[in-house]
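Shown next, in structure tokens, is the structure this report addresses.
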Amino acid sequence: MGKCVLIVESPAKAKTIEKFLGKGYSVEASMGHVRDLPRSQFGVDVDDNFTPKYITIRGKGEIIKRLREAVKKADKVYLAADPDREGEAIAWHLAYLLGLNPSSPCRVEFNEITKQAVRESLKHPRPIDQNRVDAQQARRVLDRLVGYNLSPLLWDKVKRGLSAGRVQSVAVKLICDRQREIDAFKPEEYWTVTVHLAKETKEEFPARLVGRGADKLEIKDEASARALVEELQEQEIIVLDVTRRERRKNPHPPFTTSTLQQEAARKLGFTVKKTMSLAQQLYEGLEVGKEGRVGLITYMRTDSTRISPVARQEALDYIERTYGPEYKGAGAFAAARSKIQDAHEGIRPTQVNRLPQDVAPYLTRDQLRLYTLIWERFVASQMAPAVYDQITVDIAAGELRLKATGSQIKFRGYTAVYEESRETDDEDKELALPPLHPGEKLTLVKTVPEQHFTQPPPAYTEASLVKTLEEKGIGRPSTYAPTVETIIKRGYVTREQKKLKPTELGYLVTDLLREYFPEIIDEKFTAEMEDKLDQIEEGKAEWRQVVGEFYPAFANQVQQAREKMQEVRVEEEVSDEVCELCGRRMVIKEGRFGKFLACPGFPDCRNTKPLREGTGIQCPLCGGEILVKISRRGRRFYGCENYPACKFVTWDPPTEKRCPRCGSLLVRKESRRHAPYLACSNKECGYTEKTDDVKQGEEERQKKVGS
């Protein structure tokens with residue numbers, strides 16, 4: 001066999017694969033895409049059936065030259081870009097530039113970078129899949145048609161530097177619509193009454209007041225709650241019925257791209273971009289002790305939950321050895337939304353026996369945390385369901401009805417390894433009820449009436465936005481991370497305490513697009529376009545026809561908007577800061593890393609400086625003022641004005657209060673599951689207390705209602 005060249009996308013991947021292949025192979029890297037539409041031109045000939053004008057990407061000349069020299073010396077060339085549409089398109093462009101026949105068996109793909117997977121793929125090369133390429137071309141051309149028409153329009157009518165696209169515009173609309181729901185929401189008061197009961201043996205347990213007779217009870221105000229408390233105290237309390245049942249809870253499937261992004265955000269606090277960057281590193285390969293460089297997880301851009309038989313058997317063997325045969329599960333999950341997207345496996349470790357603790361010495365902290373999350377989720381997915389013994393007790397107090405529930409885990413099943421961050425429902429809380437039987441009389445120990453208010457829908461986080469985009473069929477795994485980063489970078493959205501909040505610019509652009517381009521920001525229309533891209537990949541539709549059906553109506557909307565859309569200039573906010581170079585009052589601008597001050601005399605005066613947003617709170621370390629700052633990922637945090645001399649920093653809003661234990665500042669913590677509270681900024685301390693408003697509310701309720 002002569003010399004073979006294998007071309008992958010990244011040097012890291014090339015370095016990992018080199019160790020698997022013998023001297024007869026040379027592994028080269030294309031450094032990602034090599035050809036694309038030009039940035040400075042429209043790049044699509046609408047009159048010639050939407051023919052794209054591809055050019056070699058600037059800076060790739062030397063890489064192409066090196067690859068051509070390697071190909072000349074080779075007897076066989078294999079193109080091994082990532083196993084998805086984008087990878088197929090990269091292989092197609094490489095074939096064109098290197099003079100390869102795309103119909104020849106030159107394309108190989110593997111779902112994991114392991115010795116077995118790479119060598120097996122080389123035994124089964126195939127031609128480049130033109131349907132996949134065409135689906136990617138259709139996406140690229142559609143995005144160019146939309147972006148290069150809408151963006152200049154926004155420059156003319158609003159301000160320069162804006163952009164609009166199919167997926168990002170829908171994402172911004174979702175965030176704007178949700179924030180408007182939140183702003184318009186009017187909370188409604190309601191009350192609950194928890195009753196603590198006891199048996200003759202003095203064993204206590206809680207029950208909830210739920211109804212009167214057969215009707216559900218709604219407690220609207222304090223007076224109603226007090227009246228019910230008084231009524232309860234006068235009634236004989238008797239157990240009506242005791243129901244016992246076994247409840248089984250099935251494991252979650254292995255991660256897909258979107259579920260990995262969501263869970264990494266919830267459990268690890270990672271942004272979508274960070275999750276995908278770390279997953280890329282784990283996929284492409286890292287040095288792991290004596291093993292050398294090896295890929296630790298399978299391909300991380302997938303909509304599939306399917307698992308190969310070999311990987312499943314390895315997992316079952318591990319589960320049986322570690323936990324016992326009764327912990328082995330069925331491991332069967334529903335297929336992906338589309339057959340196209342089910343071509344890959346779910347995200348899993350390449351070797352289940354490569355335990356997180358074994359690779360811990362060789363990974364960074366965040367690499368290890370993400371690998372552990374993937375490993376635990378995969379192993380748990382192949383395990384048996386968790387089994388709970390659940391008891392429901394119906395109790396009568398005159399006409400009033402109460403309910404007590406108890407749940408105890410009977411068999412841990414998959415929860416021995418992993419529980420998803422959302423698995424905190426009341427049914428899973430272990431609460432042992434004392435033995436109870438119908439007709440048994442109970443004693444009322446105390447009543448606890450509590451005031452509540454209905455909550456608005458939650459603001460989007462990166463995780464919940466990705467979940468919504470996936471559920472609505474908008475975008476694909478590879479689009480989620482860049483979409484989130486783009487809408488933040490363009491100033492349409494800010495990231496505050498992990499919540500995505502629209503800016504005035506975001507509202508303005510969304511409203512303009514809603515008026516003049518309703519289809520572009522319509523979720524259903526965008527999802528239907530994704531389905532058409534799937535049809536192209538399946539060979540059921542022709543890409544130029546799909547684009548041709550979309551463009552005429554869109555082009556007409558663009559023309560109408562140019563003629564009718566009024567200029568809506570975003571006025572720059574003028575600050576009190578005076579430019580020391582030219583004397584003008586500086587204006588507040590929005591940049592990649594948040595707001596900053598700039599001289600309005602640009603380009604004659606190019607002076608800029610950070611925008612100082614104070615809190616009025618003194619730094620506990622040096623006495624300087626704590627300022628609001630923006631991280632490189634767009635998150636708000638709080639740091640001392642004397643940085644870098646002073647290193648004080650916190651992600652949570654600081655207060656003027658000091659910790660009674662250690663003297664550090666108390667910061668405000670918020671959660672949808674709990675009332676706001678104060679916590680010590682010194683993590684080693686651990687002190688917490690209720691906020692003043694929560695304390696005041698509790699005191700007022702105790703005075704008025706009592707026990």
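Going by the structure tokens order, chains are called A, B, ..., each with residues numbered from 1, while ligands are numbered from 1 in the order shown.
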
Go through range 488-519 of chain A and flag each residue having an atom no more than 10 Å from range 156-171 of chain A; for those, report the closest pair of atoms plus their distance in Å to one decimal, using only C-alpha atoms, ordered by chain and rising number, as a tab-separated table.
residue	atom	partner	partner_atom	distance
A:Lys489	CA	A:Leu162	CA	10.0
A:Arg490	CA	A:Leu162	CA	6.4
A:Gly491	CA	A:Leu162	CA	8.6
A:Tyr492	CA	A:Leu162	CA	9.1
A:Val493	CA	A:Ala171	CA	9.9
A:Leu505	CA	A:Val158	CA	9.0
A:Gly506	CA	A:Ser169	CA	9.4
A:Leu508	CA	A:Val158	CA	8.7
A:Val509	CA	A:Val158	CA	8.1
A:Thr510	CA	A:Ser169	CA	7.2
A:Leu512	CA	A:Val158	CA	9.8
A:Leu513	CA	A:Ser169	CA	8.3
A:Arg514	CA	A:Ser169	CA	9.8
A:Glu519	CA	A:Arg166	CA	9.5

Counting only C-alpha atoms, what is within 9 Å of Ala207 in chain A, bar same-chain residues fewer than 4 positions away, as a PDB file with C-alpha atoms, in the first residue's frame?
ATOM      1  CA  VAL A 193     -52.402  26.284  54.779  1.00  0.00           C
ATOM      2  CA  THR A 194     -50.101  23.528  55.997  1.00  0.00           C
ATOM      3  CA  VAL A 195     -51.403  21.555  58.960  1.00  0.00           C
ATOM      4  CA  HIS A 196     -49.135  19.625  61.309  1.00  0.00           C
ATOM      5  CA  LEU A 197     -50.948  16.558  62.648  1.00  0.00           C
ATOM      6  CA  VAL A 393     -53.398   9.977  52.749  1.00  0.00           C
ATOM      7  CA  ILE A 395     -57.910  13.338  55.647  1.00  0.00           C
ATOM      8  CA  LEU A 402     -56.456  17.602  53.653  1.00  0.00           C
ATOM      9  CA  LYS A 403     -53.845  15.551  51.888  1.00  0.00           C
ATOM     10  CA  ALA A 404     -50.521  14.163  53.101  1.00  0.00           C
ATOM     11  CA  THR A 405     -48.008  12.472  50.846  1.00  0.00           C
TER      12      THR A 405
END

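Residues of range 68-191 of chain A assigned to strand (DSSP E) by DSSP on this structure's backbone: Lys76, Val77, Tyr78, Leu79, Glu189, Tyr190 and Trp191 of chain A.
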
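Between CA of Lys690 in chain A and CA of Tyr677 in chain A the separation is 4.7 Å.
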
* Structure fact -> In terms of only C-alpha atoms, the residue from A:Leu363, A:Val628, A:Ala89, A:Met276 at minimal distance from Pro610 in chain A is A:Val628

* Name the residues in contact with Arg377 in chain A at a cut-off of 8 Å, using only C-alpha atoms, excluding same-chain residues fewer than 5 positions from it; report them as a PyMOL selection string. => chain A and resi 252-255+417-418

Quick one: write out the picked residues with all heavy atoms as a PDB file, in the first residue's frame?
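The file below, again-v1.pdb, is the result:
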ATOM      1  N   HIS A 252     -32.939   9.358  32.065  1.00  0.00           N
ATOM      2  CA  HIS A 252     -32.933  10.232  30.900  1.00  0.00           C
ATOM      3  C   HIS A 252     -32.014   9.636  29.832  1.00  0.00           C
ATOM      4  O   HIS A 252     -31.055   8.922  30.138  1.00  0.00           O
ATOM      5  CB  HIS A 252     -32.447  11.616  31.286  1.00  0.00           C
ATOM      6  CG  HIS A 252     -33.358  12.306  32.259  1.00  0.00           C
ATOM      7  ND1 HIS A 252     -34.465  13.010  31.876  1.00  0.00           N
ATOM      8  CD2 HIS A 252     -33.328  12.365  33.619  1.00  0.00           C
ATOM      9  CE1 HIS A 252     -35.081  13.491  32.935  1.00  0.00           C
ATOM     10  NE2 HIS A 252     -34.414  13.106  34.005  1.00  0.00           N
ATOM     11  N   PRO A 253     -32.273   9.940  28.577  1.00  0.00           N
ATOM     12  CA  PRO A 253     -31.399   9.428  27.509  1.00  0.00           C
ATOM     13  C   PRO A 253     -30.042  10.095  27.547  1.00  0.00           C
ATOM     14  O   PRO A 253     -29.852  11.107  28.243  1.00  0.00           O
ATOM     15  CB  PRO A 253     -32.166   9.805  26.233  1.00  0.00           C
ATOM     16  CG  PRO A 253     -33.020  10.958  26.620  1.00  0.00           C
ATOM     17  CD  PRO A 253     -33.397  10.727  28.045  1.00  0.00           C
ATOM     18  N   PRO A 254     -29.072   9.557  26.808  1.00  0.00           N
ATOM     19  CA  PRO A 254     -27.763  10.220  26.705  1.00  0.00           C
ATOM     20  C   PRO A 254     -27.942  11.638  26.161  1.00  0.00           C
ATOM     21  O   PRO A 254     -28.956  11.970  25.552  1.00  0.00           O
ATOM     22  CB  PRO A 254     -26.997   9.336  25.708  1.00  0.00           C
ATOM     23  CG  PRO A 254     -27.695   8.024  25.736  1.00  0.00           C
ATOM     24  CD  PRO A 254     -29.132   8.309  26.014  1.00  0.00           C
ATOM     25  N   PHE A 255     -26.948  12.454  26.371  1.00  0.00           N
ATOM     26  CA  PHE A 255     -27.042  13.849  25.940  1.00  0.00           C
ATOM     27  C   PHE A 255     -27.096  13.981  24.421  1.00  0.00           C
ATOM     28  O   PHE A 255     -26.417  13.257  23.695  1.00  0.00           O
ATOM     29  CB  PHE A 255     -25.834  14.640  26.427  1.00  0.00           C
ATOM     30  CG  PHE A 255     -25.891  15.037  27.871  1.00  0.00           C
ATOM     31  CD1 PHE A 255     -24.838  14.742  28.726  1.00  0.00           C
ATOM     32  CD2 PHE A 255     -26.983  15.714  28.374  1.00  0.00           C
ATOM     33  CE1 PHE A 255     -24.871  15.115  30.054  1.00  0.00           C
ATOM     34  CE2 PHE A 255     -27.036  16.091  29.708  1.00  0.00           C
ATOM     35  CZ  PHE A 255     -25.976  15.791  30.547  1.00  0.00           C
ATOM     36  N   VAL A 417     -26.263   6.931  40.170  1.00  0.00           N
ATOM     37  CA  VAL A 417     -25.182   7.550  39.405  1.00  0.00           C
ATOM     38  C   VAL A 417     -25.471   9.008  39.088  1.00  0.00           C
ATOM     39  O   VAL A 417     -24.585   9.865  39.176  1.00  0.00           O
ATOM     40  CB  VAL A 417     -24.943   6.776  38.081  1.00  0.00           C
ATOM     41  CG1 VAL A 417     -23.921   7.481  37.200  1.00  0.00           C
ATOM     42  CG2 VAL A 417     -24.497   5.361  38.385  1.00  0.00           C
ATOM     43  N   TYR A 418     -26.721   9.310  38.737  1.00  0.00           N
ATOM     44  CA  TYR A 418     -26.984  10.641  38.160  1.00  0.00           C
ATOM     45  C   TYR A 418     -28.437  11.039  38.347  1.00  0.00           C
ATOM     46  O   TYR A 418     -29.342  10.215  38.200  1.00  0.00           O
ATOM     47  CB  TYR A 418     -26.656  10.597  36.660  1.00  0.00           C
ATOM     48  CG  TYR A 418     -26.999  11.845  35.888  1.00  0.00           C
ATOM     49  CD1 TYR A 418     -26.092  12.890  35.799  1.00  0.00           C
ATOM     50  CD2 TYR A 418     -28.216  11.976  35.246  1.00  0.00           C
ATOM     51  CE1 TYR A 418     -26.394  14.040  35.082  1.00  0.00           C
ATOM     52  CE2 TYR A 418     -28.532  13.120  34.527  1.00  0.00           C
ATOM     53  CZ  TYR A 418     -27.615  14.143  34.451  1.00  0.00           C
ATOM     54  OH  TYR A 418     -27.919  15.275  33.738  1.00  0.00           O
TER      55      TYR A 418
END

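Nearest-residue note for Cys599 in chain A: choosing from A:Cys619, A:Met31, A:Val574, A:Leu122, the minimum distance belongs to A:Val574, counting only C-alpha atoms.
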
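Here CA of Glu200 in chain A and CA of Lys446 in chain A stand 15.3 Å from one another.
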
* Taking the DSSP assignment computed from this structure's backbone, write out as JSON, numbers by chain all residues of range 71-207 of chain A that belong to helix (DSSP H, G or I). => {"A": [71, 72, 85, 86, 87, 88, 89, 90, 91, 92, 93, 94, 95, 96, 97, 98, 115, 116, 117, 118, 119, 120, 121, 122, 130, 131, 132, 133, 134, 135, 136, 137, 138, 139, 140, 141, 142, 143, 144, 145, 146, 147, 148, 149, 150, 151, 152, 153, 154, 155, 156, 157, 166, 167, 168, 169, 170, 171, 172, 173, 174, 175, 176, 177, 178, 179, 180, 181, 182, 183, 184]}

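Proximity to Ile626 in chain A at 6 Å, evaluated using only C-alpha atoms and with sequence-adjacent residues fewer than 6 positions away removed, yields Thr615, Ile617, Gln618, Cys619, Gly639, Cys640 and Glu641 of chain A.
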
* **8 Å contact set for Val34 in chain A, only C-alpha atoms, chain neighbours under 2 positions out, as a ChimeraX atom specification** => /A:30-32,36,56-57,60,64,90,93-94

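Compared by their closest atoms to Lys76 in chain A, and using only C-alpha atoms, the residues A:Ala380, A:Cys106, A:Ala95, A:Ile630 rank with A:Cys106 nearest.
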
* When distances are computed from only C-alpha atoms, which of A:Gln179, A:Gln382, A:Ser478, A:Ser464 shows the smallest separation from Asp303 in chain A? -> A:Ser478

* Who sits within 8 Å of range 579-582 of chain A, only C-alpha atoms, same chain under 4 positions skipped, as an NGL selection string -> :A and (586 or 599 or 605 or 607)
